[in-house]
Amino acid sequence: MISTFDLRQLERCVELAKTALEKGDDPFGSVLVAADGKVLFEDHNHVAGGDHTQHPEFSIARWAAKNMSPDERSIATVYTSGEHCPMCAAAHGWVGLGRIVYASSSEQLIQWMSDLGLPPSRVRNLPIQEVIRDAVVDGPVPELAEQVRTLHQQLHERRK
């Protein structure tokens, strides 16, 4: 169930995705929130330089492993503009982060890329639950997913 608080965090993720796009990057943004509602860390994609491991969800996992106890990580929530890729889902699972809430799904992203005439990603887009056995996941959120779709369209129009 997506709460009003969840929506606010997801809106911030979409803002971060817009920032990434403005900087010439793929439009993804993520926020890590503690159990008490405090925003602990946020980031956007940094893959434009060629290192395609520089996803915000992966940055969150590394930050959490360094700065939070296992118990704190397990009750924290990661909000993201797009469902975790398998790399990020694995990182999330390995460091023991809690709930994941996303605005748009991997399935939607696959369809959007197809609609734009783009080839599929080299790495399979898998649902988070196929990577993390006990993941608590909420999403997508239709009104925000549409905003994320628009960002991806803008990215690929610029690349033409």
# chains A, B, ... in the order shown; residues from 1 in each chain; ligands from 1
$ select_by_dssp --residues "chain A" --states "helix (DSSP H, G or I)" --output "ChimeraX atom specification"
/A:4-22,56-67,70-74,86-95,106-115,128-130,142-159
$ residues_around --residues "Phe5 (chain A)" --least-positions-apart "2" --cutoff "12 Å" --atoms "only C-alpha atoms" --output "ChimeraX atom specification"
/A:1-3,7-12,33,36-39,77,79,101
$ write_last_selection --atoms "C-alpha atoms" --output "mmCIF file, in the first residue's frame"
data_model
loop_
_atom_site.group_PDB
_atom_site.id
_atom_site.type_symbol
_atom_site.label_atom_id
_atom_site.label_comp_id
_atom_site.auth_asym_id
_atom_site.auth_seq_id
_atom_site.Cartn_x
_atom_site.Cartn_y
_atom_site.Cartn_z
ATOM 1 C CA MET A 1 0.000 0.000 0.000
ATOM 2 C CA ILE A 2 1.378 3.380 -1.024
ATOM 3 C CA SER A 3 0.910 6.104 1.607
ATOM 4 C CA LEU A 7 4.228 9.425 -2.613
ATOM 5 C CA ARG A 8 6.265 12.396 -1.370
ATOM 6 C CA GLN A 9 9.428 10.296 -1.369
ATOM 7 C CA LEU A 10 8.687 8.940 -4.839
ATOM 8 C CA GLU A 11 8.088 12.479 -6.108
ATOM 9 C CA ARG A 12 11.573 13.342 -4.844
ATOM 10 C CA VAL A 33 14.643 6.741 4.453
ATOM 11 C CA ASP A 36 11.565 7.255 11.704
ATOM 12 C CA GLY A 37 10.997 8.970 8.326
ATOM 13 C CA LYS A 38 14.321 10.802 8.181
ATOM 14 C CA VAL A 39 15.905 10.984 4.736
ATOM 15 C CA THR A 77 12.960 1.957 3.019
ATOM 16 C CA TYR A 79 12.352 4.707 -2.731
ATOM 17 C CA VAL A 101 8.966 1.326 -3.191
#
$ closest_residue --among "A:Gln54, A:Gln111, A:Ser106, A:Asn45" --to "Arg124 (chain A)" --atoms "only C-alpha atoms"
A:Ser106
$ atom_distance --atom1 "CA of Ala34 (chain A)" --atom2 "CA of Val131 (chain A)"
22.9 Å
$ residues_around --residues "Phe41 (chain A)" --least-positions-apart "2" --cutoff "9 Å" --atoms "only C-alpha atoms" --output "list in words"
Ser30, Val31, Leu32, Val33, Val39, Asp43, Ile60, Trp63 and Ala64 of chain A
$ write_last_selection --atoms "all heavy atoms" --output "PDB file, in the first residue's frame"
ATOM      1  N   SER A  30      16.919   7.932  -6.480  1.00  0.00           N
ATOM      2  CA  SER A  30      16.534   7.101  -5.339  1.00  0.00           C
ATOM      3  C   SER A  30      16.800   7.819  -4.021  1.00  0.00           C
ATOM      4  O   SER A  30      17.697   8.665  -3.930  1.00  0.00           O
ATOM      5  CB  SER A  30      17.321   5.791  -5.348  1.00  0.00           C
ATOM      6  OG  SER A  30      17.103   5.081  -6.540  1.00  0.00           O
ATOM      7  N   VAL A  31      16.031   7.417  -3.004  1.00  0.00           N
ATOM      8  CA  VAL A  31      16.126   8.007  -1.670  1.00  0.00           C
ATOM      9  C   VAL A  31      16.082   6.881  -0.630  1.00  0.00           C
ATOM     10  O   VAL A  31      15.267   5.961  -0.748  1.00  0.00           O
ATOM     11  CB  VAL A  31      14.946   8.984  -1.425  1.00  0.00           C
ATOM     12  CG1 VAL A  31      14.970   9.543  -0.010  1.00  0.00           C
ATOM     13  CG2 VAL A  31      14.954  10.115  -2.443  1.00  0.00           C
ATOM     14  N   LEU A  32      16.945   6.979   0.379  1.00  0.00           N
ATOM     15  CA  LEU A  32      16.948   6.049   1.504  1.00  0.00           C
ATOM     16  C   LEU A  32      16.345   6.758   2.708  1.00  0.00           C
ATOM     17  O   LEU A  32      16.792   7.849   3.069  1.00  0.00           O
ATOM     18  CB  LEU A  32      18.376   5.601   1.827  1.00  0.00           C
ATOM     19  CG  LEU A  32      18.564   4.730   3.069  1.00  0.00           C
ATOM     20  CD1 LEU A  32      17.846   3.382   2.905  1.00  0.00           C
ATOM     21  CD2 LEU A  32      20.060   4.530   3.340  1.00  0.00           C
ATOM     22  N   VAL A  33      15.347   6.134   3.323  1.00  0.00           N
ATOM     23  CA  VAL A  33      14.643   6.741   4.453  1.00  0.00           C
ATOM     24  C   VAL A  33      14.675   5.787   5.648  1.00  0.00           C
ATOM     25  O   VAL A  33      14.371   4.595   5.513  1.00  0.00           O
ATOM     26  CB  VAL A  33      13.177   7.069   4.071  1.00  0.00           C
ATOM     27  CG1 VAL A  33      12.423   7.646   5.259  1.00  0.00           C
ATOM     28  CG2 VAL A  33      13.150   8.049   2.894  1.00  0.00           C
ATOM     29  N   VAL A  39      15.167  11.278   5.959  1.00  0.00           N
ATOM     30  CA  VAL A  39      15.905  10.984   4.736  1.00  0.00           C
ATOM     31  C   VAL A  39      17.386  10.916   5.093  1.00  0.00           C
ATOM     32  O   VAL A  39      17.960  11.856   5.637  1.00  0.00           O
ATOM     33  CB  VAL A  39      15.649  12.051   3.647  1.00  0.00           C
ATOM     34  CG1 VAL A  39      16.552  11.824   2.442  1.00  0.00           C
ATOM     35  CG2 VAL A  39      14.182  12.044   3.235  1.00  0.00           C
ATOM     36  N   ASP A  43      20.383  10.014  -4.203  1.00  0.00           N
ATOM     37  CA  ASP A  43      21.317  10.082  -5.315  1.00  0.00           C
ATOM     38  C   ASP A  43      20.549   9.884  -6.617  1.00  0.00           C
ATOM     39  O   ASP A  43      19.367   9.530  -6.609  1.00  0.00           O
ATOM     40  CB  ASP A  43      22.385   8.992  -5.174  1.00  0.00           C
ATOM     41  CG  ASP A  43      23.653   9.281  -5.969  1.00  0.00           C
ATOM     42  OD1 ASP A  43      23.780  10.378  -6.557  1.00  0.00           O
ATOM     43  OD2 ASP A  43      24.538   8.404  -5.993  1.00  0.00           O
ATOM     44  N   ILE A  60      23.158   3.693  -2.650  1.00  0.00           N
ATOM     45  CA  ILE A  60      22.432   3.606  -1.372  1.00  0.00           C
ATOM     46  C   ILE A  60      22.877   2.373  -0.601  1.00  0.00           C
ATOM     47  O   ILE A  60      23.131   2.444   0.610  1.00  0.00           O
ATOM     48  CB  ILE A  60      20.913   3.610  -1.605  1.00  0.00           C
ATOM     49  CG1 ILE A  60      20.441   5.039  -1.888  1.00  0.00           C
ATOM     50  CG2 ILE A  60      20.159   3.006  -0.418  1.00  0.00           C
ATOM     51  CD1 ILE A  60      18.984   5.161  -2.294  1.00  0.00           C
ATOM     52  N   TRP A  63      26.305   3.006   0.839  1.00  0.00           N
ATOM     53  CA  TRP A  63      26.240   3.980   1.927  1.00  0.00           C
ATOM     54  C   TRP A  63      25.654   3.330   3.172  1.00  0.00           C
ATOM     55  O   TRP A  63      26.170   3.506   4.279  1.00  0.00           O
ATOM     56  CB  TRP A  63      25.403   5.193   1.510  1.00  0.00           C
ATOM     57  CG  TRP A  63      25.418   6.279   2.533  1.00  0.00           C
ATOM     58  CD1 TRP A  63      26.278   7.333   2.595  1.00  0.00           C
ATOM     59  CD2 TRP A  63      24.546   6.405   3.659  1.00  0.00           C
ATOM     60  NE1 TRP A  63      25.997   8.112   3.695  1.00  0.00           N
ATOM     61  CE2 TRP A  63      24.938   7.548   4.370  1.00  0.00           C
ATOM     62  CE3 TRP A  63      23.480   5.653   4.148  1.00  0.00           C
ATOM     63  CZ2 TRP A  63      24.296   7.965   5.539  1.00  0.00           C
ATOM     64  CZ3 TRP A  63      22.848   6.055   5.311  1.00  0.00           C
ATOM     65  CH2 TRP A  63      23.258   7.211   5.995  1.00  0.00           C
ATOM     66  N   ALA A  64      24.582   2.583   2.996  1.00  0.00           N
ATOM     67  CA  ALA A  64      23.916   1.942   4.137  1.00  0.00           C
ATOM     68  C   ALA A  64      24.835   0.934   4.824  1.00  0.00           C
ATOM     69  O   ALA A  64      24.876   0.872   6.062  1.00  0.00           O
ATOM     70  CB  ALA A  64      22.628   1.263   3.674  1.00  0.00           C
TER      71      ALA A  64
END
$ atom_distance --atom1 "CA of Gln129 (chain A)" --atom2 "CA of His46 (chain A)"
25.1 Å
$ select_by_dssp --residues "chain A" --states "strand (DSSP E)" --output "ChimeraX atom specification"
/A:29-33,39-44,77-82,100-104,137-138
$ residues_around --residues "Glu130 (chain A)" --least-positions-apart "6" --cutoff "10 Å" --atoms "only C-alpha atoms" --output "PyMOL selection string"
chain A and resi 86+89-90
$ residues_around --residues "Glu143 (chain A)" --least-positions-apart "2" --cutoff "12 Å" --atoms "only C-alpha atoms" --output "list in words"
Leu7, Leu10, Glu11, Val14, Ser81, Tyr102, Ala103, Ser104, Gly139, Pro140, Val141, Ala145, Glu146, Gln147, Val148, Arg149 and Thr150 of chain A
$ write_last_selection --atoms "N, CA and C atoms" --output "PDB file, in the first residue's frame"
ATOM      1  N   LEU A   7       4.361   8.613  -1.393  1.00  0.00           N
ATOM      2  CA  LEU A   7       4.228   9.425  -2.613  1.00  0.00           C
ATOM      3  C   LEU A   7       5.186  10.608  -2.606  1.00  0.00           C
ATOM      4  N   LEU A  10       8.605   9.303  -3.424  1.00  0.00           N
ATOM      5  CA  LEU A  10       8.687   8.940  -4.839  1.00  0.00           C
ATOM      6  C   LEU A  10       8.738  10.179  -5.731  1.00  0.00           C
ATOM      7  N   GLU A  11       8.017  11.222  -5.351  1.00  0.00           N
ATOM      8  CA  GLU A  11       8.088  12.479  -6.108  1.00  0.00           C
ATOM      9  C   GLU A  11       9.513  13.037  -6.073  1.00  0.00           C
ATOM     10  N   VAL A  14      11.577  11.144  -8.565  1.00  0.00           N
ATOM     11  CA  VAL A  14      11.349  11.616  -9.934  1.00  0.00           C
ATOM     12  C   VAL A  14      12.097  12.933 -10.155  1.00  0.00           C
ATOM     13  N   SER A  81      12.779   5.819  -8.516  1.00  0.00           N
ATOM     14  CA  SER A  81      11.951   6.170  -9.668  1.00  0.00           C
ATOM     15  C   SER A  81      11.672   4.955 -10.541  1.00  0.00           C
ATOM     16  N   TYR A 102       8.773   1.677  -5.595  1.00  0.00           N
ATOM     17  CA  TYR A 102       9.198   2.259  -6.870  1.00  0.00           C
ATOM     18  C   TYR A 102       8.031   2.864  -7.627  1.00  0.00           C
ATOM     19  N   ALA A 103       8.366   3.885  -8.425  1.00  0.00           N
ATOM     20  CA  ALA A 103       7.356   4.589  -9.219  1.00  0.00           C
ATOM     21  C   ALA A 103       7.022   3.831 -10.493  1.00  0.00           C
ATOM     22  N   SER A 104       8.036   3.260 -11.158  1.00  0.00           N
ATOM     23  CA  SER A 104       7.826   2.541 -12.417  1.00  0.00           C
ATOM     24  C   SER A 104       8.532   1.192 -12.346  1.00  0.00           C
ATOM     25  N   GLY A 139       4.777  -1.006  -5.694  1.00  0.00           N
ATOM     26  CA  GLY A 139       4.894  -0.255  -6.931  1.00  0.00           C
ATOM     27  C   GLY A 139       4.358  -1.090  -8.068  1.00  0.00           C
ATOM     28  N   PRO A 140       4.191  -0.518  -9.214  1.00  0.00           N
ATOM     29  CA  PRO A 140       4.417   0.872  -9.588  1.00  0.00           C
ATOM     30  C   PRO A 140       3.262   1.787  -9.164  1.00  0.00           C
ATOM     31  N   VAL A 141       3.500   3.085  -9.347  1.00  0.00           N
ATOM     32  CA  VAL A 141       2.507   4.122  -9.056  1.00  0.00           C
ATOM     33  C   VAL A 141       2.173   4.794 -10.386  1.00  0.00           C
ATOM     34  N   ALA A 145       4.664   6.844 -12.712  1.00  0.00           N
ATOM     35  CA  ALA A 145       5.255   6.044 -13.793  1.00  0.00           C
ATOM     36  C   ALA A 145       5.143   6.784 -15.120  1.00  0.00           C
ATOM     37  N   GLU A 146       4.044   7.464 -15.329  1.00  0.00           N
ATOM     38  CA  GLU A 146       3.869   8.223 -16.573  1.00  0.00           C
ATOM     39  C   GLU A 146       4.909   9.345 -16.660  1.00  0.00           C
ATOM     40  N   GLN A 147       5.223   9.987 -15.544  1.00  0.00           N
ATOM     41  CA  GLN A 147       6.262  11.023 -15.544  1.00  0.00           C
ATOM     42  C   GLN A 147       7.630  10.419 -15.866  1.00  0.00           C
ATOM     43  N   VAL A 148       7.900   9.236 -15.312  1.00  0.00           N
ATOM     44  CA  VAL A 148       9.175   8.558 -15.579  1.00  0.00           C
ATOM     45  C   VAL A 148       9.257   8.164 -17.052  1.00  0.00           C
ATOM     46  N   ARG A 149       8.155   7.688 -17.615  1.00  0.00           N
ATOM     47  CA  ARG A 149       8.126   7.342 -19.043  1.00  0.00           C
ATOM     48  C   ARG A 149       8.508   8.548 -19.886  1.00  0.00           C
ATOM     49  N   THR A 150       7.957   9.703 -19.550  1.00  0.00           N
ATOM     50  CA  THR A 150       8.260  10.929 -20.288  1.00  0.00           C
ATOM     51  C   THR A 150       9.752  11.258 -20.213  1.00  0.00           C
TER      52      THR A 150
END
$ atom_distance --atom1 "CA of Trp112 (chain A)" --atom2 "CA of Val137 (chain A)"
21.5 Å
$ residues_around --residues "Arg73 (chain A)" --least-positions-apart "4" --cutoff "12 Å" --atoms "only C-alpha atoms" --output "count of residues only"
26
$ closest_residue --among "A:Pro127, A:Gly49, A:Gly117, A:Pro70" --to "Met87 (chain A)" --atoms "only C-alpha atoms"
A:Pro127
$ closest_residue --among "A:His55, A:His84, A:Arg122, A:Arg158" --to "Leu21 (chain A)" --atoms "only C-alpha atoms"
A:Arg158
